[in-house]
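Step one of this worksheet: look at the structure below.
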Amino acid sequence: MTEPATVIRVATASPYDVVVGSGLLDRLPDLLGPGVSTVGVVFPDGLPGPAGRVKKQLGSAYKVTALPVPPGERAKTAEVASYCWEELGAAGFTRSDAVVSVGGGATSDLAGFVAATWLRGVRVVHVPSTVLGMVDAAVGGKTGINTAAGKNLVGAFHEPAGVLCDLDLLATLPEGELRSGLGEVVKCGFIADPEILRLVEEHGVPRVGSPVLRELVERAVRVKAEVVAEDLRETGGDEGHPGREVLNYGHTMGHAVELASDYSLRHGEAVSIGCVYAAELARAAGMLDDAVVDRHASVLARVGLPTRWAGASYDDLRDRMAVDKKARGSTLRFVVLRDLARPEVLTGPDEEHLRAAYDAMVRGA
Ligand code: GLY
């Protein structure tokens, strides 16, 4: 018998549900809500399975406008957004119509941005087809496109009307993409839910279709839902908690590594290296016990993620971190841990500590 779906409420000012389970596509009309007649389905060219199933499901009740876009980050350009706007215009897409995204994080970022801007905002429902999309990009309302100067520099907060995490859509996900998604899941374990770490230590890379993968996705979605409900616009949390910025754990160095590798590392792989770096930085600053620092490399290695990287010099990565959009002026900011699930922001760390953490990252455990 199929397990019933789990519904996770994202309790922001415009609350919505993230539904997690299997065989869920017939729930799409509930998430789209009343009054929709045309649905624009944004999906990467080359994702025929999941996108075809969504279009078929919607086709019986709505007029469907297919909006195929390039795969991955290549979708996140002004040209592709403009193509979508033209297609919506040609389809007579009105304020009561809706966009559905099917794909990974780049697709939902673009589709969310198109929905945020068309007629100053129409409904969007995300149907992520990757673990990364389920646990990160689809939840929380960040949308955007890239420019020559960097990633996500143009965008808007536009929360979805709902998110459908149908785990059946992961059936064709390449193993490398699954592991990359687990990088963000493990991150959630360190910043908020250590039970995630225990599950990963026990099971390693969970099989698609297994209850463990479902539990990991649900736990990571809950972490994200709670964080964005507290601090949607990333203005800061209460009582020393970093607020939404906590989701940036491992990302200050992670983004620098991702860029320096010329994107040969997947996002979750770069975040994995970045989490090890953040833990080493906390160790160097005398904030975090050796046992928790060392657990970073061991848990991440358990799912086959990289925990050391020597592909760029300290000076190169230091410069890249200084232009990260989370930096304020020239002061570096890192989310670090005092303990498991005790995150805080470290502003302007000592140069000596930054370098010591780099040396540890290069050496590996
Ligand atoms: N991916 C980080 C955030 O949603 O804030």
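By convention in this document, the chains of the structure tokens carry letters A, B, ... by their order, each chain's residues are numbered from 1, and ligands are numbered from 1 in the order they are shown.
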
*Which residues in region 147-182 of chain A does DSSP call strand (DSSP E)? List them as a PyMOL selection string.*
chain A and resi 147+150-157+162-166

Can you write out the residues you just picked, keeping N, CA and C atoms, as a CSV table (one decimal), in the first residue's frame?
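Writing the result to again-v8.csv gives the following:
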```csv
chain,number,residue,atom,x,y,z
A,147,THR,N,23.4,37.3,-14.3
A,147,THR,CA,23.9,38.2,-15.3
A,147,THR,C,25.4,37.9,-15.4
A,150,GLY,N,27.3,37.8,-12.2
A,150,GLY,CA,27.2,36.8,-11.1
A,150,GLY,C,25.8,36.1,-11.1
A,151,LYS,N,25.7,35.1,-10.2
A,151,LYS,CA,24.5,34.3,-10.1
A,151,LYS,C,23.4,35.0,-9.3
A,152,ASN,N,22.2,34.9,-9.7
A,152,ASN,CA,21.0,35.4,-9.0
A,152,ASN,C,21.0,36.9,-8.6
A,153,LEU,N,21.6,37.7,-9.5
A,153,LEU,CA,21.7,39.1,-9.2
A,153,LEU,C,20.5,39.8,-9.5
A,154,VAL,N,19.6,39.2,-10.4
A,154,VAL,CA,18.3,39.8,-10.7
A,154,VAL,C,17.2,38.9,-10.2
A,155,GLY,N,16.3,39.3,-9.4
A,155,GLY,CA,15.3,38.4,-8.9
A,155,GLY,C,14.3,39.0,-8.0
A,156,ALA,N,13.4,38.2,-7.4
A,156,ALA,CA,12.3,38.7,-6.6
A,156,ALA,C,12.0,37.6,-5.6
A,157,PHE,N,11.4,38.0,-4.4
A,157,PHE,CA,10.8,37.0,-3.6
A,157,PHE,C,9.4,36.7,-4.1
A,162,GLY,N,2.2,26.4,-3.9
A,162,GLY,CA,2.4,25.0,-3.4
A,162,GLY,C,3.6,24.4,-4.0
A,163,VAL,N,4.1,23.3,-3.4
A,163,VAL,CA,5.2,22.6,-3.9
A,163,VAL,C,4.9,21.1,-3.8
A,164,LEU,N,5.1,20.4,-4.9
A,164,LEU,CA,4.8,18.9,-4.9
A,164,LEU,C,6.0,18.1,-5.1
A,165,CYS,N,6.5,17.5,-4.0
A,165,CYS,CA,7.7,16.7,-4.1
A,165,CYS,C,7.3,15.2,-4.3
A,166,ASP,N,7.1,14.8,-5.5
A,166,ASP,CA,6.7,13.5,-5.9
A,166,ASP,C,8.0,12.7,-6.1
```

_When you look at region 36-44 of chain A with a cut-off of 9 Å (counting only C-alpha atoms), what residues show up, excluding the ones that are within fewer than 3 positions of it in the same chain? I need them as a VMD selection string._
chain A and resid 29 32 to 33 47 to 48 50 to 51 54 to 55 58 61 to 72 75 84 87 to 88 91 to 94 96 to 104 107 to 108 110 to 111

Find the residues around Ala81 (chain A) up to 7 Å (only C-alpha atoms counted), leave out those fewer than 4 positions away in its own chain, and share them as a tab-separated table (two decimals) with N, CA, C and O atoms, in the first residue's frame.
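This is the output file part-v4.tsv:
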```tsv
chain	number	residue	atom	x	y	z
A	77	THR	N	18.58	33.18	-17.78
A	77	THR	CA	19.07	34.38	-18.47
A	77	THR	C	17.89	35.28	-18.79
A	77	THR	O	16.74	34.83	-18.83
A	85	TRP	N	8.01	35.20	-21.35
A	85	TRP	CA	7.01	36.28	-21.32
A	85	TRP	C	6.28	36.36	-22.67
A	85	TRP	O	5.06	36.51	-22.71
A	110	LEU	N	14.02	30.16	-12.48
A	110	LEU	CA	13.57	30.90	-13.67
A	110	LEU	C	12.04	31.00	-13.68
A	110	LEU	O	11.47	32.08	-13.87
A	114	VAL	N	9.70	34.31	-13.69
A	114	VAL	CA	8.72	34.64	-14.74
A	114	VAL	C	7.34	34.86	-14.10
A	114	VAL	O	6.63	35.83	-14.41
```

Give the residue list for ligand 1 at 7 Å, counting only C-alpha atoms and all ligand atoms, as a CSV table (one decimal) with C-alpha atoms, in the first residue's frame, sorted by chain and then by residue number.
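result-v3.csv, written as the output of this step:
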```
chain,number,residue,atom,x,y,z
A,136,ASP,CA,16.1,23.9,-1.3
A,137,ALA,CA,15.2,25.8,-4.4
A,140,GLY,CA,11.2,29.7,0.3
A,142,LYS,CA,13.7,33.0,-3.9
A,244,ARG,CA,17.5,32.7,6.8
A,245,GLU,CA,21.2,33.3,6.4
A,247,LEU,CA,20.8,28.2,5.0
A,248,ASN,CA,24.1,29.7,3.7
```

*Write out as a ChimeraX atom specification each polymer residue whose atoms come within 8 Å of Leu132 (chain A), counting only C-alpha atoms; drop sequence neighbours fewer than 2 positions from it.*
/A:104-105,130,134-137,178,180-182,184,268

Write the residues of the selection above to a file with all heavy atoms, as a compact mmCIF listing (two decimals), in the first residue's frame.
```txt
# COMPACT_ATOMS: atom_id res chain seq x y z
N GLY A 104 14.87 20.94 -11.96
CA GLY A 104 15.76 21.19 -10.83
C GLY A 104 15.68 22.64 -10.37
O GLY A 104 14.78 23.40 -10.78
N GLY A 105 16.65 23.03 -9.54
CA GLY A 105 16.60 24.36 -8.93
C GLY A 105 16.69 25.49 -9.92
O GLY A 105 16.05 26.54 -9.74
N THR A 130 14.47 16.94 -8.71
CA THR A 130 15.77 16.58 -8.14
C THR A 130 15.67 16.74 -6.62
O THR A 130 14.82 17.49 -6.12
CB THR A 130 16.91 17.52 -8.63
OG1 THR A 130 16.65 18.85 -8.15
CG2 THR A 130 17.02 17.54 -10.14
N MET A 134 13.92 19.78 -4.38
CA MET A 134 12.90 19.52 -3.34
C MET A 134 13.26 20.18 -2.02
O MET A 134 12.42 20.79 -1.37
CB MET A 134 12.75 18.01 -3.12
CG MET A 134 12.11 17.31 -4.30
SD MET A 134 11.93 15.52 -4.02
CE MET A 134 11.24 15.04 -5.62
N VAL A 135 14.54 20.03 -1.62
CA VAL A 135 14.89 20.45 -0.25
C VAL A 135 15.36 21.90 -0.19
O VAL A 135 15.49 22.44 0.89
CB VAL A 135 15.96 19.53 0.39
CG1 VAL A 135 15.48 18.10 0.42
CG2 VAL A 135 17.31 19.65 -0.33
N ASP A 136 15.61 22.51 -1.35
CA ASP A 136 16.14 23.87 -1.28
C ASP A 136 15.40 24.83 -2.21
O ASP A 136 14.57 25.63 -1.76
CB ASP A 136 17.64 23.87 -1.57
CG ASP A 136 18.28 25.21 -1.23
OD1 ASP A 136 17.70 25.95 -0.41
OD2 ASP A 136 19.35 25.53 -1.78
N ALA A 137 15.64 24.71 -3.53
CA ALA A 137 15.21 25.79 -4.43
C ALA A 137 13.70 26.01 -4.47
O ALA A 137 13.23 27.14 -4.58
CB ALA A 137 15.73 25.51 -5.84
N LEU A 178 21.84 12.85 -7.19
CA LEU A 178 21.27 12.44 -5.90
C LEU A 178 22.24 12.80 -4.77
O LEU A 178 21.88 13.41 -3.77
CB LEU A 178 20.99 10.93 -5.93
CG LEU A 178 20.52 10.29 -4.63
CD1 LEU A 178 19.18 10.86 -4.18
CD2 LEU A 178 20.39 8.77 -4.79
N SER A 180 24.61 15.02 -4.83
CA SER A 180 24.72 16.47 -4.72
C SER A 180 23.57 17.02 -3.87
O SER A 180 23.76 17.87 -2.99
CB SER A 180 24.72 17.08 -6.13
OG SER A 180 24.64 18.48 -6.07
N GLY A 181 22.37 16.52 -4.10
CA GLY A 181 21.21 16.95 -3.30
C GLY A 181 21.39 16.61 -1.84
O GLY A 181 20.99 17.37 -0.94
N LEU A 182 22.05 15.49 -1.58
CA LEU A 182 22.26 15.09 -0.18
C LEU A 182 23.21 16.04 0.54
O LEU A 182 23.19 16.14 1.77
CB LEU A 182 22.77 13.65 -0.11
CG LEU A 182 21.74 12.58 -0.53
CD1 LEU A 182 22.39 11.20 -0.61
CD2 LEU A 182 20.56 12.54 0.44
N GLU A 184 22.97 19.29 0.51
CA GLU A 184 22.10 20.28 1.18
C GLU A 184 21.32 19.63 2.33
O GLU A 184 21.01 20.28 3.32
CB GLU A 184 21.11 20.91 0.18
CG GLU A 184 21.75 21.82 -0.87
CD GLU A 184 22.10 23.22 -0.35
OE1 GLU A 184 21.84 23.53 0.83
OE2 GLU A 184 22.67 24.01 -1.13
N GLY A 268 26.06 20.78 -4.77
CA GLY A 268 26.11 20.07 -3.49
C GLY A 268 27.53 19.60 -3.15
O GLY A 268 27.88 19.48 -1.96
```

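You will find CA of Leu300 (chain A) at 17.7 Å from CA of Leu288 (chain A).
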